[in-house]
Amino acid sequence: MGAWTFADVWEAIAAKAPDRPVVAQGPREITWGQFDARADALAAHMIAKGVSHEAKVAAYLFNGPEYLETYFAAFKAGIAPINTNYRYGGEELVYLFDNADAEVVVFHAGFTATIEAIRHRLPKVKLWIGVSEPGHAVPVWADDYDAIVSGPAPQRPFRAPWGRSGQDLLLLYTGGTTGMPKGVMWRQDDLFNVIGAGGQAARGVEPVASIQEAGDRVNPAEPAPAVSLICCPLMHGTGQFSAFITMNMGGTVALLPSRGFSAIELWNEAERLKADGIVIVGLAFSTPMLEALEANPGRWDLSNVKMMSSSGSMWSQENKRGLLSFCTNAMIFDSFGSSEAVGMGASASAPGAEVETAAFMLGPNCAVFTEEGRRVVPGSGERGLVAVSGFLPAGYYKDPEKSDRTFKVIEGQRWSVPGDWAEVNTDGTLKLLGRGSQCINTGGEKVFPEEVEEALKTHLHVRDAVVVGVPDARFGERICAVVEPDGAHDLTLADLSEHVRAQLAPYKAPRELVVVDTIGRAPNGKVDYKGVKERALKALGVGA
């Protein structure tokens, strides 16, 4: 069994480059030395308060140094960190904290009123730690985060009595598109390896073979090997794992100063920090980013940007082409995966070669299988489920039934099969179809919404689009396009249906159209299909 732990790697880097920034957010910078000391103090405090081995600590926080410090402290202490969606309401939080068996919750003080309403329903939580913020003091029933991390740790580096193990967990809770959140159990050794083992091919950084090498290769006299501007929330896998990749190389994680997304602020920070990497999630970010560049030509020096990466949300080729026309030294890396299946596929786009390089290639440990467990033959036109093997999660926390449905033994090997359908083209690239749970059955034909959405997004005046099925007396369901226009042109159903028919089979063209001001994507770029469908049904005056 592997023995990699994030705490060991980050401590080695902090010892070698204590004065290099590890987190930058607006005017605030935390050096690697400060990061290590603050996490030591927080880890020691949790253990002193009676937190047990393999306990769970929830990060109920906006983006900021405190988020990553909480994770570092948990790794040091041999306890499991849990992401928490800061958009959740009281009932969702009760479910999450109870399901995860959280013993500690680290929270921004602005959430105090929400927590006070549910605290009596969470007897497993033995320690609340509040992070003060402007206008919000830490409540009397919580320990003060800043007071804890600014104090000395009794031991440097801190180690819990039970030590550390590569089998120590990180729980990544994912809501998906249906059902209650489920906790994906990542062992640290598996996660460290699957996200590059201290390296990143796109930056030309090789994996490390030992903890000592992770520290030894850091040269404090040289600039950081990576400055990643992570624009998406750390509470989601894309932001969180991207931050870990950067930190494992001894780099600097840059976070946007504001909590509301601003493309102007993004480009200002990218220029100011000389970021070489920008991490986003699809259209929710790329569309306003491109619009800002088009409205302000020549405003920013983006020559340092070498890569833009996105994961978790499909987005348009036109957006990629537009961004690359401004960031002429960059490549766009699009990864296809999920919380329980990292690295299922990837594509790369370069200026002038967007179309040729944009197709998703199967990852080295990936395959597409039919529901019967047969490999899909390239070029056969057969549909199957994308699967990944290699370094995988242990399963879903406290849900063996769901674990068995997702993590399957095929051809004598363990695979993660989260439910993404695809065809395999003759050249081995993937034609992604979408999640089976969202599949629309119209007249006996199966239509994957994402396939139609991608066709709609290529329309000149469509800013964003979601496709849902609405009841139909004859065909069971008919396809409804929920479209966010660019405001420059009145969209009609006939126009959009014709546009889709030019790319896909006629039965996949929308039969209904609902125009909205905004699709309302979540910060991770994902869509609440249930909520969008309810909006569509109401707009059309149709019952579910």
# chains A, B, ... in the order shown; residues from 1 in each chain; ligands from 1
$ residues_around --residues "range 321-335 of chain A" --least-positions-apart "4" --cutoff "7 Å" --atoms "only C-alpha atoms" --output "list of chain:residue names"
A:Leu290, A:Leu302, A:Ser303, A:Val305, A:Lys306, A:Met307, A:Met308, A:Ser309, A:Ser310, A:Ser311, A:Gln317, A:Gly343, A:Gly345, A:Ala346, A:Ser347, A:Ala348, A:Ser349, A:Ala350, A:Pro351, A:Glu354
$ write_last_selection --atoms "C-alpha atoms" --output "PDB file, in the first residue's frame"
ATOM      1  CA  LEU A 290     -14.193  36.450 -23.537  1.00  0.00           C
ATOM      2  CA  LEU A 302      -1.493  38.251 -20.787  1.00  0.00           C
ATOM      3  CA  SER A 303       1.801  37.056 -22.251  1.00  0.00           C
ATOM      4  CA  VAL A 305      -0.555  32.931 -19.385  1.00  0.00           C
ATOM      5  CA  LYS A 306       0.614  29.576 -20.719  1.00  0.00           C
ATOM      6  CA  MET A 307      -2.377  27.411 -19.915  1.00  0.00           C
ATOM      7  CA  MET A 308      -6.074  27.665 -19.175  1.00  0.00           C
ATOM      8  CA  SER A 309      -7.703  24.532 -17.818  1.00  0.00           C
ATOM      9  CA  SER A 310     -11.290  23.516 -17.274  1.00  0.00           C
ATOM     10  CA  SER A 311     -12.999  20.434 -15.910  1.00  0.00           C
ATOM     11  CA  GLN A 317     -15.224  25.545 -29.250  1.00  0.00           C
ATOM     12  CA  GLY A 343      -8.674  11.560 -15.711  1.00  0.00           C
ATOM     13  CA  GLY A 345     -10.259  11.933 -20.926  1.00  0.00           C
ATOM     14  CA  ALA A 346      -8.588  15.151 -22.010  1.00  0.00           C
ATOM     15  CA  SER A 347      -8.300  17.538 -24.923  1.00  0.00           C
ATOM     16  CA  ALA A 348      -5.868  20.317 -25.778  1.00  0.00           C
ATOM     17  CA  SER A 349      -6.491  23.405 -27.886  1.00  0.00           C
ATOM     18  CA  ALA A 350      -3.781  25.690 -29.240  1.00  0.00           C
ATOM     19  CA  PRO A 351      -4.062  28.973 -31.178  1.00  0.00           C
ATOM     20  CA  GLU A 354      -8.492  24.459 -31.941  1.00  0.00           C
TER      21      GLU A 354
END
$ closest_atom_pairs --of "range 288-383 of chain A" --to "range 260-269 of chain A" --cutoff "7 Å" --atoms "only C-alpha atoms" --output "Markdown table"
| residue | atom | partner | partner_atom | distance |
| --- | --- | --- | --- | --- |
| A:Pro288 | CA | A:Ala263 | CA | 5.9 |
| A:Met289 | CA | A:Ala263 | CA | 4.9 |
| A:Ala292 | CA | A:Ala263 | CA | 6.3 |
| A:Trp300 | CA | A:Trp267 | CA | 6.9 |
$ select_by_dssp --residues "range 16-75 of chain A" --states "strand (DSSP E or B)" --output "number ranges by chain"
A: 21-25, 28-31, 56-60
$ closest_residue --among "A:Gln200, A:Asn441, A:Thr114, A:Gln240" --to "Tyr67 in chain A" --atoms "only C-alpha atoms"
A:Gln240
$ closest_atom_pairs --of "range 186-211 of chain A" --to "range 9-25 of chain A" --cutoff "10 Å" --atoms "only C-alpha atoms" --output "JSON lines"
{"residue": "A:Phe192", "atom": "CA", "partner": "A:Val9", "partner_atom": "CA", "distance": 9.8}
{"residue": "A:Gly198", "atom": "CA", "partner": "A:Val9", "partner_atom": "CA", "distance": 8.5}
{"residue": "A:Val208", "atom": "CA", "partner": "A:Val9", "partner_atom": "CA", "distance": 9.9}
{"residue": "A:Ser210", "atom": "CA", "partner": "A:Val9", "partner_atom": "CA", "distance": 8.8}
{"residue": "A:Ile211", "atom": "CA", "partner": "A:Val9", "partner_atom": "CA", "distance": 5.6}
$ write_last_selection --atoms "C-alpha atoms" --output "CSV table (one decimal), in the first residue's frame"
chain,number,residue,atom,x,y,z
A,192,PHE,CA,-1.7,12.2,-4.8
A,198,GLY,CA,3.9,16.1,-7.6
A,208,VAL,CA,8.5,13.0,-7.7
A,210,SER,CA,10.2,10.6,-2.7
A,211,ILE,CA,9.3,13.2,-0.1
$ residues_around --residues "Leu540 in chain A" --least-positions-apart "6" --cutoff "9 Å" --atoms "only C-alpha atoms" --output "NGL selection string"
:A and (512-514)
$ write_last_selection --atoms "N, CA and C atoms" --output "mmCIF file, in the first residue's frame"
data_model
loop_
_atom_site.group_PDB
_atom_site.id
_atom_site.type_symbol
_atom_site.label_atom_id
_atom_site.label_comp_id
_atom_site.auth_asym_id
_atom_site.auth_seq_id
_atom_site.Cartn_x
_atom_site.Cartn_y
_atom_site.Cartn_z
ATOM 1 N N GLU A 512 -39.682 22.647 -28.292
ATOM 2 C CA GLU A 512 -40.152 23.755 -27.447
ATOM 3 C C GLU A 512 -38.968 24.671 -27.164
ATOM 4 N N LEU A 513 -39.266 25.926 -26.902
ATOM 5 C CA LEU A 513 -38.229 26.908 -26.582
ATOM 6 C C LEU A 513 -38.670 27.766 -25.404
ATOM 7 N N VAL A 514 -37.805 27.880 -24.435
ATOM 8 C CA VAL A 514 -38.006 28.802 -23.307
ATOM 9 C C VAL A 514 -36.772 29.698 -23.239
#
$ residues_around --residues "Val104 in chain A" --least-positions-apart "3" --cutoff "12 Å" --atoms "only C-alpha atoms" --output "MDAnalysis selection string"
chainID A and resid 42:43 45:47 49:52 54:60 70 73:74 79:82 97:98 100:101 107 122:130 142:143
$ residues_around --residues "Val368 in chain A" --least-positions-apart "3" --cutoff "8 Å" --atoms "only C-alpha atoms" --output "compact mmCIF listing (two decimals) with N, CA and C atoms, in the first residue's frame"
# COMPACT_ATOMS: atom_id res chain seq x y z
N ARG A 375 -16.19 -4.25 -24.24
CA ARG A 375 -15.54 -3.04 -24.71
C ARG A 375 -16.19 -2.56 -26.01
N VAL A 376 -16.43 -1.26 -26.10
CA VAL A 376 -16.99 -0.68 -27.32
C VAL A 376 -15.88 -0.59 -28.37
N GLY A 384 -21.62 3.30 -25.01
CA GLY A 384 -21.20 2.62 -23.80
C GLY A 384 -20.91 3.60 -22.69
N LEU A 385 -20.51 3.08 -21.55
CA LEU A 385 -20.20 3.88 -20.37
C LEU A 385 -18.70 4.04 -20.22
N VAL A 386 -18.26 5.27 -19.98
CA VAL A 386 -16.83 5.53 -19.82
C VAL A 386 -16.39 5.06 -18.44
N ALA A 387 -15.26 4.35 -18.41
CA ALA A 387 -14.74 3.80 -17.16
C ALA A 387 -13.27 4.13 -17.03
N ALA A 422 -20.87 7.47 -23.91
CA ALA A 422 -20.06 7.98 -25.02
C ALA A 422 -20.02 6.95 -26.14
N GLU A 423 -19.66 7.43 -27.32
CA GLU A 423 -19.28 6.57 -28.44
C GLU A 423 -17.79 6.74 -28.65
N VAL A 424 -17.14 5.74 -29.24
CA VAL A 424 -15.71 5.83 -29.53
C VAL A 424 -15.54 5.97 -31.04
$ atom_distance --atom1 "CA of Ser132 in chain A" --atom2 "CA of His108 in chain A"
6.3 Å
$ residues_around --residues "Gln413 in chain A" --least-positions-apart "2" --cutoff "12 Å" --atoms "only C-alpha atoms" --output "ChimeraX atom specification"
/A:365-367,373,387-392,407-411,415-416
$ residues_around --residues "Ala39 in chain A" --least-positions-apart "5" --cutoff "12 Å" --atoms "only C-alpha atoms" --output "VMD selection string"
chain A and resid 7 10 to 11 14 30 32 to 34 44 to 46 65 to 77 145 to 146 148 to 153 155 to 159
$ atom_distance --atom1 "CA of Val184 in chain A" --atom2 "CA of Val279 in chain A"
22.2 Å
$ select_by_dssp --residues "range 235-364 of chain A" --states "helix (DSSP H, G or I)" --output "PyMOL selection string"
chain A and resi 237-248+263-272+283-295+317-326+354-357
$ write_last_selection --atoms "C-alpha atoms" --output "CSV table (one decimal), in the first residue's frame"
chain,number,residue,atom,x,y,z
A,237,GLY,CA,-13.1,19.1,-6.9
A,238,THR,CA,-11.8,21.1,-9.9
A,239,GLY,CA,-10.7,24.0,-7.7
A,240,GLN,CA,-9.5,21.9,-4.8
A,241,PHE,CA,-7.5,19.4,-6.9
A,242,SER,CA,-6.0,22.1,-9.1
A,243,ALA,CA,-4.8,23.9,-5.9
A,244,PHE,CA,-3.2,20.6,-4.7
A,245,ILE,CA,-1.4,20.1,-8.1
A,246,THR,CA,0.1,23.6,-7.9
A,247,MET,CA,1.1,23.1,-4.2
A,248,ASN,CA,2.6,19.7,-4.8
A,263,ALA,CA,-14.1,38.7,-15.4
A,264,ILE,CA,-12.5,42.1,-15.2
A,265,GLU,CA,-11.1,41.2,-11.8
A,266,LEU,CA,-9.8,37.9,-13.2
A,267,TRP,CA,-7.8,39.5,-15.9
A,268,ASN,CA,-6.6,42.2,-13.6
A,269,GLU,CA,-5.3,39.5,-11.2
A,270,ALA,CA,-3.8,37.4,-14.0
A,271,GLU,CA,-1.8,40.4,-15.2
A,272,ARG,CA,-0.8,41.6,-11.7
A,283,LEU,CA,-19.1,28.5,-20.0
A,284,ALA,CA,-20.0,30.0,-16.6
A,285,PHE,CA,-16.5,31.5,-16.6
A,286,SER,CA,-15.3,31.5,-20.2
A,287,THR,CA,-18.2,33.5,-21.7
A,288,PRO,CA,-17.8,36.6,-19.5
A,289,MET,CA,-14.0,36.2,-19.8
A,290,LEU,CA,-14.2,36.4,-23.5
A,291,GLU,CA,-16.7,39.3,-23.5
A,292,ALA,CA,-14.4,41.3,-21.2
A,293,LEU,CA,-11.5,40.8,-23.5
A,294,GLU,CA,-13.5,41.8,-26.6
A,295,ALA,CA,-14.8,44.9,-24.8
A,317,GLN,CA,-15.2,25.5,-29.3
A,318,GLU,CA,-16.0,29.1,-30.2
A,319,ASN,CA,-15.2,30.3,-26.7
A,320,LYS,CA,-11.9,28.4,-26.7
A,321,ARG,CA,-11.0,29.9,-30.1
A,322,GLY,CA,-11.9,33.4,-28.9
A,323,LEU,CA,-9.9,33.2,-25.6
A,324,LEU,CA,-6.8,31.8,-27.5
A,325,SER,CA,-7.0,34.8,-29.9
A,326,PHE,CA,-6.2,37.0,-26.9
A,354,GLU,CA,-8.5,24.5,-31.9
A,355,VAL,CA,-10.6,22.1,-34.0
A,356,GLU,CA,-7.9,19.5,-34.6
A,357,THR,CA,-6.9,19.3,-31.0
$ atom_distance --atom1 "CA of Arg259 in chain A" --atom2 "CA of Ala137 in chain A"
18.5 Å
$ closest_atom_pairs --of "range 82-137 of chain A" --to "range 517-534 of chain A" --cutoff "12 Å" --atoms "only C-alpha atoms" --output "Markdown table"
| residue | atom | partner | partner_atom | distance |
| --- | --- | --- | --- | --- |
| A:Asn85 | CA | A:Pro523 | CA | 9.9 |
| A:Tyr86 | CA | A:Pro523 | CA | 10.4 |
| A:Arg87 | CA | A:Ala522 | CA | 9.2 |
| A:Tyr88 | CA | A:Ala522 | CA | 11.6 |
